[in-house]
file run_29.csv (CSV, C-alpha atoms)
chain,number,residue,atom,x,y,z
A,1,MET,CA,8.0,-16.3,-3.7
A,2,ALA,CA,7.3,-14.1,-6.7
A,3,TYR,CA,3.8,-13.0,-7.6
A,4,ALA,CA,2.1,-14.1,-10.8
A,5,THR,CA,3.0,-12.2,-14.0
A,6,ASN,CA,0.2,-9.7,-13.7
A,7,PHE,CA,1.7,-8.5,-10.4
A,8,ASP,CA,5.0,-7.8,-12.1
A,9,SER,CA,3.3,-5.4,-14.5
A,10,ASP,CA,1.7,-3.8,-11.4
A,11,GLN,CA,5.1,-2.9,-10.1
A,12,THR,CA,5.7,-0.9,-13.3
A,13,SER,CA,2.4,0.8,-12.6
A,14,ILE,CA,3.4,1.6,-9.1
A,15,GLU,CA,6.6,3.2,-10.3
A,16,ALA,CA,4.6,5.3,-12.7
A,17,ILE,CA,2.1,6.3,-10.0
A,18,GLN,CA,5.0,7.4,-7.8
A,19,THR,CA,5.9,9.9,-10.5
A,20,GLY,CA,2.3,11.2,-10.6
A,21,ASP,CA,0.9,9.2,-13.5
A,22,ARG,CA,-2.9,9.4,-13.0
A,23,PHE,CA,-3.6,6.9,-15.8
A,24,ALA,CA,-1.5,4.3,-14.2
A,25,PHE,CA,-3.3,4.9,-11.0
A,26,GLN,CA,-6.7,4.5,-12.6
A,27,GLU,CA,-5.5,1.2,-14.2
A,28,LEU,CA,-4.4,0.0,-10.8
A,29,VAL,CA,-7.7,0.8,-9.3
A,30,CYS,CA,-9.5,-1.1,-12.0
A,31,ARG,CA,-7.3,-4.1,-11.6
A,32,HIS,CA,-7.4,-4.4,-7.8
A,33,ASP,CA,-10.5,-2.6,-6.6
A,34,ARG,CA,-12.5,-5.8,-6.3
A,35,TRP,CA,-10.3,-7.6,-3.9
A,36,VAL,CA,-9.6,-4.4,-2.0
A,37,ARG,CA,-13.4,-4.1,-1.5
A,38,GLY,CA,-13.4,-7.8,-0.5
A,39,VAL,CA,-10.9,-7.1,2.2
A,40,ILE,CA,-12.9,-4.1,3.4
A,41,PHE,CA,-16.0,-6.3,3.5
A,42,GLY,CA,-14.1,-9.1,5.2
A,43,VAL,CA,-13.3,-6.7,8.1
A,44,LEU,CA,-16.3,-4.4,8.1
A,45,ASN,CA,-18.9,-7.1,7.5
A,46,ASP,CA,-21.2,-4.6,5.9
A,47,ALA,CA,-21.4,-4.5,2.1
A,48,ASP,CA,-23.3,-1.2,2.1
A,49,ARG,CA,-20.3,0.7,3.6
A,50,VAL,CA,-17.7,-0.8,1.4
A,51,ASP,CA,-17.9,1.9,-1.3
A,52,ASP,CA,-17.1,4.7,1.1
A,53,VAL,CA,-14.1,2.9,2.6
A,54,ALA,CA,-12.8,1.8,-0.8
A,55,GLN,CA,-12.9,5.4,-2.0
A,56,GLN,CA,-11.0,6.5,1.0
A,57,VAL,CA,-8.4,3.7,0.6
A,58,TRP,CA,-7.6,4.6,-3.0
A,59,GLN,CA,-7.2,8.2,-2.1
A,60,THR,CA,-4.8,7.2,0.7
A,61,VAL,CA,-2.9,5.0,-1.9
A,62,TRP,CA,-2.5,8.0,-4.1
A,63,SER,CA,-1.4,10.3,-1.4
A,64,ARG,CA,1.0,7.9,0.3
A,65,ILE,CA,2.3,5.7,-2.4
A,66,SER,CA,5.7,7.4,-2.2
A,67,ASP,CA,6.0,6.0,1.3
A,68,LEU,CA,6.1,2.6,-0.2
A,69,ARG,CA,9.8,1.6,0.0
A,70,SER,CA,9.7,-1.9,-1.4
A,71,ILE,CA,7.6,-1.9,-4.6
A,72,ALA,CA,7.6,-5.7,-4.6
A,73,GLN,CA,5.7,-5.6,-1.4
A,74,TRP,CA,3.0,-3.3,-2.7
A,75,ARG,CA,0.2,-5.8,-2.3
A,76,PRO,CA,0.6,-6.6,1.4
A,77,TRP,CA,1.0,-2.8,1.8
A,78,LEU,CA,-2.3,-2.2,0.0
A,79,TYR,CA,-3.9,-5.0,2.0
A,80,ARG,CA,-2.9,-3.4,5.3
A,81,LEU,CA,-4.2,0.0,4.1
A,82,ALA,CA,-7.5,-1.4,3.2
A,83,ARG,CA,-7.8,-3.5,6.4
A,84,ASN,CA,-6.8,-0.6,8.7
A,85,ALA,CA,-9.2,1.8,6.9
A,86,ALA,CA,-12.0,-0.7,7.4
A,87,ILE,CA,-11.1,-1.1,11.1
A,88,ASP,CA,-11.0,2.7,11.6
A,89,TYR,CA,-14.3,3.1,9.8
A,90,GLY,CA,-15.9,0.4,11.9
A,91,ARG,CA,-14.7,2.1,15.1
A,92,ASP,CA,-16.1,5.5,13.9
A,93,GLN,CA,-19.4,3.9,13.0
A,94,THR,CA,-19.6,2.2,16.4
A,95,ARG,CA,-18.9,5.5,18.1
A,96,ARG,CA,-21.6,7.3,16.1
A,97,LYS,CA,-24.2,4.6,16.8
A,98,LYS,CA,-23.5,5.0,20.5
A,99,LEU,CA,-23.9,8.7,20.3
A,100,VAL,CA,-26.9,9.0,18.0
A,101,LEU,CA,-28.5,5.7,18.8
A,102,LYS,CA,-29.3,5.3,15.1
A,103,ALA,CA,-30.1,1.9,13.8
A,104,THR,CA,-30.4,1.4,10.1
A,105,GLU,CA,-31.0,-1.7,8.3
A,106,SER,CA,-30.5,-1.9,4.5
A,107,PRO,CA,-30.1,-4.6,2.0
A,108,THR,CA,-26.7,-6.3,2.2
A,109,VAL,CA,-26.6,-7.9,-1.2
A,110,ARG,CA,-26.7,-6.0,-4.5
A,111,VAL,CA,-29.2,-8.0,-6.4
A,112,GLN,CA,-30.9,-6.5,-9.4
A,113,SER,CA,-34.7,-6.0,-9.0
A,114,THR,CA,-36.1,-8.8,-11.1
A,115,PRO,CA,-39.5,-10.3,-11.7
A,116,ASP,CA,-40.8,-13.1,-9.5
A,117,GLY,CA,-38.9,-15.7,-11.5
A,118,GLN,CA,-35.7,-14.9,-9.7
A,119,ALA,CA,-37.1,-14.3,-6.2
A,120,ILE,CA,-35.8,-17.6,-5.0
A,121,GLN,CA,-32.3,-16.8,-6.3
A,122,GLN,CA,-32.5,-13.5,-4.5
A,123,GLU,CA,-33.4,-15.2,-1.3
A,124,THR,CA,-30.6,-17.7,-1.7
A,125,ASN,CA,-28.1,-14.9,-2.3
A,126,HIS,CA,-29.3,-13.1,0.9
A,127,ALA,CA,-28.9,-16.3,2.8
A,128,VAL,CA,-25.4,-16.9,1.5
A,129,MET,CA,-24.3,-13.3,2.2
A,130,ASP,CA,-25.7,-13.5,5.7
A,131,ALA,CA,-23.8,-16.7,6.3
A,132,ILE,CA,-20.6,-15.2,5.1
A,133,ARG,CA,-21.2,-12.2,7.3
A,134,GLY,CA,-21.7,-14.6,10.2
A,135,LEU,CA,-18.2,-16.0,9.8
A,136,PRO,CA,-15.5,-14.9,12.3
A,137,THR,CA,-13.3,-12.2,10.7
A,138,LEU,CA,-10.4,-14.6,10.9
A,139,TYR,CA,-12.0,-17.0,8.4
A,140,ARG,CA,-14.1,-14.5,6.4
A,141,GLU,CA,-11.1,-12.5,5.1
A,142,PRO,CA,-9.3,-15.3,3.3
A,143,PHE,CA,-12.6,-16.8,2.2
A,144,VAL,CA,-13.6,-13.5,0.5
A,145,LEU,CA,-10.2,-13.1,-1.2
A,146,ARG,CA,-10.4,-16.6,-2.5
A,147,HIS,CA,-13.9,-16.2,-3.9
A,148,VAL,CA,-13.6,-12.6,-5.2
A,149,GLU,CA,-10.3,-13.1,-7.0
A,150,GLY,CA,-9.7,-16.8,-7.1
A,151,TRP,CA,-6.3,-16.4,-5.5
A,152,SER,CA,-4.2,-19.4,-4.5
A,153,TYR,CA,-3.3,-20.1,-0.9
A,154,GLN,CA,0.2,-18.7,-1.7
A,155,GLU,CA,-1.2,-15.4,-3.1
A,156,ILE,CA,-3.6,-14.9,-0.2
A,157,GLY,CA,-0.8,-15.7,2.2
A,158,GLU,CA,1.6,-13.2,0.7
A,159,THR,CA,-1.1,-10.5,0.7
A,160,MET,CA,-2.1,-11.2,4.3
A,161,GLU,CA,1.4,-12.0,5.3
A,162,LEU,CA,0.4,-15.5,6.5
A,163,PRO,CA,1.8,-18.9,5.8
A,164,ALA,CA,0.0,-20.7,3.0
A,165,ALA,CA,-0.8,-23.6,5.4
A,166,THR,CA,-2.6,-21.1,7.7
A,167,VAL,CA,-4.7,-19.8,4.8
A,168,GLU,CA,-5.7,-23.3,3.9
A,169,THR,CA,-6.7,-24.2,7.5
A,170,ARG,CA,-8.8,-21.0,7.7
A,171,LEU,CA,-10.5,-21.8,4.4
A,172,VAL,CA,-11.3,-25.3,5.4
A,173,ARG,CA,-12.9,-24.0,8.6
A,174,ALA,CA,-14.8,-21.2,6.8
A,175,ARG,CA,-16.4,-23.8,4.4
A,176,LYS,CA,-17.3,-26.0,7.3
A,177,LEU,CA,-18.9,-23.2,9.2
A,178,LEU,CA,-20.8,-22.0,6.1
A,179,ARG,CA,-22.1,-25.4,5.4
A,180,GLN,CA,-23.4,-25.8,8.9
A,181,SER,CA,-24.9,-22.3,8.7
A,182,LEU,CA,-26.6,-22.9,5.4
A,183,LEU,CA,-27.8,-26.4,6.0
A,184,ASN,CA,-31.4,-26.7,4.9
A,185,LYS,CA,-31.5,-23.1,3.7
A,186,VAL,CA,-30.1,-23.2,0.2
B,1,MET,CA,-22.4,-36.8,12.2
B,2,SER,CA,-20.7,-37.4,8.9
B,3,ASN,CA,-18.2,-40.2,8.5
B,4,ILE,CA,-15.5,-38.3,6.8
B,5,ASP,CA,-11.8,-38.4,7.6
B,6,GLU,CA,-10.3,-35.0,8.3
B,7,ARG,CA,-7.7,-35.7,5.7
B,8,ILE,CA,-10.3,-36.3,3.0
B,9,GLU,CA,-12.0,-33.0,3.9
B,10,VAL,CA,-8.7,-31.2,3.4
B,11,LEU,CA,-8.3,-32.9,0.1
B,12,ILE,CA,-11.8,-31.9,-1.0
B,13,ASN,CA,-11.0,-28.3,-0.1
B,14,ARG,CA,-7.8,-28.5,-2.1
B,15,ARG,CA,-9.6,-29.8,-5.1
B,16,LEU,CA,-12.1,-26.9,-5.0
B,17,ASP,CA,-9.3,-24.4,-4.6
B,18,GLY,CA,-7.2,-25.9,-7.4
B,19,GLU,CA,-4.4,-26.9,-5.0
B,20,LEU,CA,-4.5,-30.6,-5.2
B,21,ALA,CA,-1.3,-32.5,-6.2
B,22,PRO,CA,-1.7,-35.4,-8.7
B,23,ASP,CA,-1.1,-38.1,-6.1
B,24,GLU,CA,-3.6,-36.5,-3.8
B,25,GLY,CA,-6.1,-36.4,-6.5
B,26,GLN,CA,-5.9,-40.2,-6.9
B,27,GLU,CA,-6.2,-40.6,-3.1
B,28,LEU,CA,-9.3,-38.4,-3.1
B,29,ASP,CA,-10.9,-40.2,-6.0
B,30,GLU,CA,-10.6,-43.5,-4.3
B,31,ALA,CA,-12.1,-42.0,-1.1
B,32,LEU,CA,-15.0,-40.6,-3.1
B,33,ILE,CA,-15.7,-44.0,-4.6
B,34,GLN,CA,-15.9,-45.6,-1.2
B,35,ASN,CA,-17.5,-42.9,0.9
B,36,GLN,CA,-20.9,-41.5,0.0
B,37,ASP,CA,-20.6,-38.8,2.8
B,38,ALA,CA,-17.4,-37.6,1.1
B,39,ARG,CA,-19.3,-37.2,-2.2
B,40,VAL,CA,-22.1,-35.3,-0.5
B,41,LEU,CA,-19.6,-33.0,1.1
B,42,LEU,CA,-17.8,-32.3,-2.2
B,43,ASP,CA,-21.2,-31.5,-3.8
B,44,ASP,CA,-22.2,-29.2,-0.9
B,45,TYR,CA,-18.9,-27.4,-0.9
B,46,GLN,CA,-19.0,-27.1,-4.7
B,47,ARG,CA,-22.4,-25.5,-4.6
B,48,LEU,CA,-21.4,-23.3,-1.7
B,49,ASP,CA,-18.4,-22.1,-3.6
B,50,ASP,CA,-20.4,-21.3,-6.7
B,51,LEU,CA,-23.0,-19.3,-4.7
B,52,ALA,CA,-20.4,-17.5,-2.6
B,53,GLY,CA,-18.4,-16.6,-5.7
B,54,GLN,CA,-21.5,-15.3,-7.4
B,55,VAL,CA,-22.7,-13.3,-4.4
B,56,LEU,CA,-19.3,-11.8,-3.6
B,57,GLN,CA,-18.3,-11.0,-7.1
B,58,GLY,CA,-21.7,-9.4,-7.7
B,59,ALA,CA,-21.4,-7.4,-4.5
B,60,PHE,CA,-18.0,-5.9,-5.4
B,61,ALA,CA,-18.3,-5.8,-9.2
B,62,ASP,CA,-18.5,-2.0,-9.5
B,63,SER,CA,-15.2,-0.4,-9.6
B,64,THR,CA,-14.5,2.5,-7.3
B,65,ARG,CA,-14.4,5.8,-9.1
B,66,VAL,CA,-11.6,7.7,-7.6
B,67,ALA,CA,-12.5,11.3,-7.9
B,68,GLU,CA,-11.2,14.4,-6.2
B,69,LEU,CA,-7.6,13.3,-6.2
B,70,PRO,CA,-5.0,15.8,-5.2
B,71,THR,CA,-3.4,17.4,-8.2
B,72,THR,CA,0.0,16.1,-7.3
B,73,SER,CA,1.2,12.9,-5.8
B,74,SER,CA,2.8,12.9,-2.4
B,75,ARG,CA,6.3,12.8,-3.9
B,76,ARG,CA,5.7,16.0,-5.8
B,77,ARG,CA,4.3,17.6,-2.7
B,78,SER,CA,7.3,16.5,-0.7
B,79,MET,CA,9.5,18.2,-3.2
B,80,ASP,CA,7.4,21.3,-2.8
B,81,ARG,CA,7.9,21.1,0.9
B,82,ALA,CA,11.7,21.2,0.3
B,83,TRP,CA,11.7,25.0,-0.4
B,84,TRP,CA,13.5,25.6,2.8
B,85,ALA,CA,16.6,23.8,1.4
B,86,LEU,CA,16.8,26.3,-1.5
B,87,PRO,CA,19.1,28.9,0.2
B,88,PHE,CA,21.5,26.2,1.2
B,89,VAL,CA,21.6,24.7,-2.3
B,90,ALA,CA,22.2,28.2,-3.7
B,91,ALA,CA,25.0,28.9,-1.2
B,92,ALA,CA,26.7,25.6,-2.0
B,93,ALA,CA,26.5,26.3,-5.8
B,94,LEU,CA,28.1,29.7,-5.2
B,95,VAL,CA,31.0,28.2,-3.3
B,96,LEU,CA,31.6,25.6,-6.0
B,97,LEU,CA,31.5,28.3,-8.6
B,98,VAL,CA,34.2,30.4,-6.8
B,99,VAL,CA,36.4,27.3,-6.2
B,100,PHE,CA,36.3,26.2,-9.8
B,101,SER,CA,36.7,29.6,-11.3
B,102,ASP,CA,40.1,29.9,-9.4
B,103,GLN,CA,41.2,26.6,-10.8
B,104,ASN,CA,40.3,27.5,-14.4
B,105,LYS,CA,43.0,29.8,-15.8
B,106,SER,CA,42.1,31.5,-19.0
B,107,GLY,CA,43.5,34.2,-21.2
B,108,SER,CA,43.4,35.5,-24.7
B,109,GLN,CA,45.8,36.6,-27.3
B,110,ILE,CA,45.6,38.4,-30.6
B,111,VAL,CA,47.7,36.6,-33.0
B,112,GLY,CA,49.1,37.9,-36.3
B,113,SER,CA,48.5,36.3,-39.6
B,114,GLU,CA,51.3,33.9,-39.1
B,115,ASP,CA,53.7,33.8,-36.1
B,116,SER,CA,53.6,37.3,-34.7
B,117,VAL,CA,51.8,37.6,-31.4
B,118,ILE,CA,50.6,41.1,-31.0
B,119,THR,CA,49.3,41.7,-27.5
B,120,MET,CA,46.8,40.5,-24.9
B,121,PRO,CA,47.5,39.4,-21.3
B,122,THR,CA,47.5,35.7,-20.6
B,123,THR,CA,47.7,33.9,-17.3
B,124,ASN,CA,48.4,30.4,-18.5
B,125,SER,CA,52.0,30.7,-19.5
B,126,GLU,CA,52.9,28.6,-16.5
B,127,HIS,CA,51.4,25.6,-18.2
B,128,GLY,CA,53.3,26.4,-21.5
B,129,VAL,CA,50.1,26.8,-23.5
B,130,THR,CA,50.5,28.6,-26.8
B,131,LEU,CA,47.7,28.1,-29.2
B,132,GLN,CA,47.9,29.6,-32.7
B,133,ASP,CA,46.1,27.0,-34.8
B,134,GLY,CA,42.8,27.1,-36.5
B,135,PRO,CA,39.4,27.7,-34.9
B,136,GLY,CA,37.9,25.5,-32.3
B,137,GLU,CA,41.0,23.3,-31.7
B,138,ILE,CA,41.3,21.3,-28.6
B,139,ARG,CA,44.7,20.3,-27.4
B,140,GLN,CA,46.2,18.8,-24.3
B,141,ALA,CA,48.2,21.3,-22.2
B,142,ALA,CA,51.9,20.6,-21.5
B,143,ALA,CA,51.8,20.1,-17.7
B,144,ILE,CA,49.8,17.1,-16.8
B,145,SER,CA,50.2,15.2,-13.6
B,146,ASP,CA,48.8,11.8,-12.6
B,147,SER,CA,45.8,13.1,-10.9
B,148,VAL,CA,45.1,16.4,-12.7
B,149,ASP,CA,43.6,16.8,-16.2
B,150,ARG,CA,44.3,20.1,-17.9
B,151,THR,CA,42.6,20.7,-21.2
B,152,ALA,CA,42.8,23.8,-23.3
B,153,ASN,CA,40.1,25.0,-25.7
B,154,THR,CA,40.7,27.6,-28.3
B,155,ASN,CA,38.2,29.7,-30.1
B,156,SER,CA,39.4,31.8,-33.1
B,157,LEU,CA,37.9,34.7,-34.9
B,158,TYR,CA,39.4,36.0,-38.1
B,159,ILE,CA,39.0,39.8,-38.8
B,160,ILE,CA,40.5,42.2,-41.3
B,161,GLY,CA,42.0,45.4,-39.6
B,162,ASN,CA,42.0,48.9,-40.9
B,163,ASP,CA,45.4,48.4,-42.2
B,164,GLY,CA,44.2,45.6,-44.4
B,165,GLN,CA,46.0,42.9,-42.4
B,166,LEU,CA,44.3,39.7,-41.4
B,167,TYR,CA,44.1,39.3,-37.7
B,168,VAL,CA,43.2,36.3,-35.7
B,169,ILE,CA,41.6,36.8,-32.3
B,170,GLU,CA,42.0,33.7,-30.2
B,171,GLN,CA,40.4,33.1,-26.9
B,172,GLN,CA,41.7,30.2,-25.0
B,173,ARG,CA,40.5,28.5,-21.9
B,174,LEU,CA,42.5,26.1,-19.7
B,175,ARG,CA,40.5,23.8,-17.6
B,176,THR,CA,41.8,21.9,-14.7
B,177,ALA,CA,40.1,19.0,-13.1
B,178,ARG,CA,41.0,16.3,-10.8
B,179,VAL,CA,40.3,12.9,-12.2
B,180,PRO,CA,40.8,9.3,-11.0
B,181,LYS,CA,43.9,7.6,-12.3
B,182,SER,CA,42.0,5.4,-14.7
B,183,GLY,CA,39.7,8.2,-15.9
B,184,ILE,CA,40.0,10.2,-19.0
B,185,ARG,CA,38.3,13.6,-19.2
B,186,ARG,CA,37.8,15.7,-22.2
B,187,VAL,CA,36.4,19.2,-22.4
B,188,SER,CA,35.2,20.4,-25.7
B,189,GLY,CA,33.0,23.0,-27.2
B,190,ASP,CA,32.4,24.9,-24.0
B,191,PHE,CA,32.6,28.5,-25.4
call {"tool": "encode", "arguments": {"input": "run_29.csv", "output": "structure tokens"}}
result
Amino acid sequence: MAYATNFDSDQTSIEAIQTGDRFAFQELVCRHDRWVRGVIFGVLNDADRVDDVAQQVWQTVWSRISDLRSIAQWRPWLYRLARNAAIDYGRDQTRRKKLVLKATESPTVRVQSTPDGQAIQQETNHAVMDAIRGLPTLYREPFVLRHVEGWSYQEIGETMELPAATVETRLVRARKLLRQSLLNKV
Amino acid sequence: MSNIDERIEVLINRRLDGELAPDEGQELDEALIQNQDARVLLDDYQRLDDLAGQVLQGAFADSTRVAELPTTSSRRRSMDRAWWALPFVAAAALVLLVVFSDQNKSGSQIVGSEDSVITMPTTNSEHGVTLQDGPGEIRQAAAISDSVDRTANTNSLYIIGNDGQLYVIEQQRLRTARVPKSGIRRVSGDF
């Protein structure tokens, strides 16, 4: 199944990047950074660490894009890079925590500091983000891709290399779990 | 415990995800009319989706700034790493040069103002090449086989000698190349 039109133009960008075109690379980052960060969050479950891993992922893309044999498959390739980077990062963090015994708690949602009028909204956002973080990774990943980019089951399936029906099942379960988790909270 | 059929819950999810087929839409609408729990579920999921989209898109809105990229992409660096192949490439080029220079017979003549050939060694008489025409002419040589293309180029220079005679110095080159039966090769302007 072919990707939507904007993904065809991405293939041209990929070819340009393979010849060392930095502008094409920057464009690609702008277009796809958000869902890449969504994937990282889906795996890492820590919004505060997403920036570091995303930076690392894009640097890996730049240095390894010539390894990409099938340009048409660039999106699953990028998905795997992001996912593996997040997994590796998570492992490193776990190791460090064990060694240093360092526990840090920081805000998980980027909400602008606002006057008291929006305090409730801020609390709601925290609750929703916590509930999403509470999802099993299996369900969190497609849920994040769906809500960050609005992709169809087919697009998510192609990226994650899953059947569209599996994506749908996971989204149904994710919603059900979130609803249970947020009952009486929002 | 809600009184919602699993099928209806799937259809609600499809509607929210924009994946609902027209006939499924009709089925869902009928279920929503009859089942209040289904309506509540749709409202809850709709609100949940709105909030989740807002929170997640807000969290990942800032685009990554990719700084400190290497100056070259990996493909360029892989070319840089191919330095070790350079001697082999040079050796292969040298061999090709020697082989082709043996195949290309060339010679020159000094030709008189009309028909009188003065001197100059030539090595291509075996092909019956005699070129006495104007400057830069290209003519097919006489001996042509099915698989070999021989092409002669002529370059002429007109000079006036001390004796007041007009001399034409011709340089000619005969190129030999193997070509496929269907192929046509031309050599021109290679002086």
call {"tool": "atom_distance", "arguments": {"input": "run_29.csv", "atom1": "atom CA of Leu41 of chain B", "atom2": "atom CA of Gln118 of chain A"}}
result
26.5 Å
call {"tool": "residues_near_point", "arguments": {"input": "run_29.csv", "point": "(-12.7, -22.8, 5.0)", "cutoff": "9 Å", "atoms": "all atoms listed in the file", "output": "NGL selection string"}}
result
(:A and (139-140 or 142-143 or 167-178)) or (:B and (13))
call {"tool": "residues_around", "arguments": {"input": "run_29.csv", "residues": "Gly18 of chain B", "least_positions_apart": "5", "cutoff": "10 Å", "atoms": "all atoms listed in the file", "output": "PyMOL selection string"}}
result
(chain A and resi 150-153) or (chain B and resi 12-13)
call {"tool": "residues_around", "arguments": {"input": "run_29.csv", "residues": "segment 50-54 of chain B", "least_positions_apart": "2", "cutoff": "9 Å", "atoms": "all atoms listed in the file", "output": "MDAnalysis selection string"}}
result
(chainID A and resid 124:125 128:129 132 144 146:150) or (chainID B and resid 45:48 56:59)
call {"tool": "residues_around", "arguments": {"input": "run_29.csv", "residues": "segment 78-89 of chain A", "least_positions_apart": "2", "cutoff": "7 Å", "atoms": "only C-alpha atoms", "output": "PyMOL selection string"}}
result
chain A and resi 36+39-40+43-44+53+57+74-76+91-93+159-160
call {"tool": "closest_residue", "arguments": {"input": "run_29.csv", "among": "B:Val10, B:Ile33, B:Ala92, B:Ile4", "to": "chain A", "atoms": "only C-alpha atoms"}}
result
B:Val10
call {"tool": "closest_residue", "arguments": {"input": "run_29.csv", "among": "B:Asp43, B:Asp5, B:Asp37, B:Asp49", "to": "chain A", "atoms": "all atoms listed in the file"}}
result
B:Asp49
call {"tool": "decode", "arguments": {"input": "run_29.csv", "residues": "segment 81-87 of chain A", "atoms": "all heavy atoms", "output": "compact mmCIF listing (two decimals), in the first residue's frame"}}
result
# COMPACT_ATOMS: atom_id res chain seq x y z
N LEU A 81 14.53 3.15 14.06
CA LEU A 81 15.65 3.92 14.64
C LEU A 81 15.21 4.61 15.93
O LEU A 81 15.90 4.55 16.95
CB LEU A 81 16.13 4.98 13.65
CG LEU A 81 17.17 4.61 12.61
CD1 LEU A 81 17.58 5.86 11.84
CD2 LEU A 81 18.39 3.98 13.25
N ALA A 82 14.05 5.27 15.85
CA ALA A 82 13.56 6.02 17.01
C ALA A 82 13.25 5.07 18.17
O ALA A 82 13.61 5.34 19.32
CB ALA A 82 12.31 6.81 16.61
N ARG A 83 12.61 3.97 17.84
CA ARG A 83 12.22 3.02 18.87
C ARG A 83 13.46 2.42 19.55
O ARG A 83 13.53 2.35 20.79
CB ARG A 83 11.38 1.92 18.23
CG ARG A 83 10.59 1.12 19.21
CD ARG A 83 9.58 0.21 18.53
NE ARG A 83 8.66 -0.29 19.54
CZ ARG A 83 8.95 -1.29 20.36
NH1 ARG A 83 10.11 -1.90 20.28
NH2 ARG A 83 8.07 -1.68 21.27
N ASN A 84 14.42 2.01 18.73
CA ASN A 84 15.63 1.40 19.30
C ASN A 84 16.42 2.41 20.13
O ASN A 84 16.97 2.06 21.17
CB ASN A 84 16.51 0.82 18.19
CG ASN A 84 15.87 -0.39 17.53
OD1 ASN A 84 15.01 -1.03 18.13
ND2 ASN A 84 16.26 -0.70 16.30
N ALA A 85 16.47 3.64 19.64
CA ALA A 85 17.20 4.68 20.40
C ALA A 85 16.54 4.90 21.76
O ALA A 85 17.22 5.05 22.77
CB ALA A 85 17.22 5.98 19.61
N ALA A 86 15.22 4.90 21.76
CA ALA A 86 14.49 5.09 23.02
C ALA A 86 14.73 3.91 23.96
O ALA A 86 14.94 4.08 25.16
CB ALA A 86 13.00 5.25 22.75
N ILE A 87 14.72 2.71 23.41
CA ILE A 87 14.96 1.51 24.23
C ILE A 87 16.37 1.56 24.83
O ILE A 87 16.57 1.33 26.02
CB ILE A 87 14.76 0.23 23.39
CG1 ILE A 87 13.27 0.05 23.07
CG2 ILE A 87 15.29 -1.00 24.14
CD1 ILE A 87 13.00 -1.03 22.03
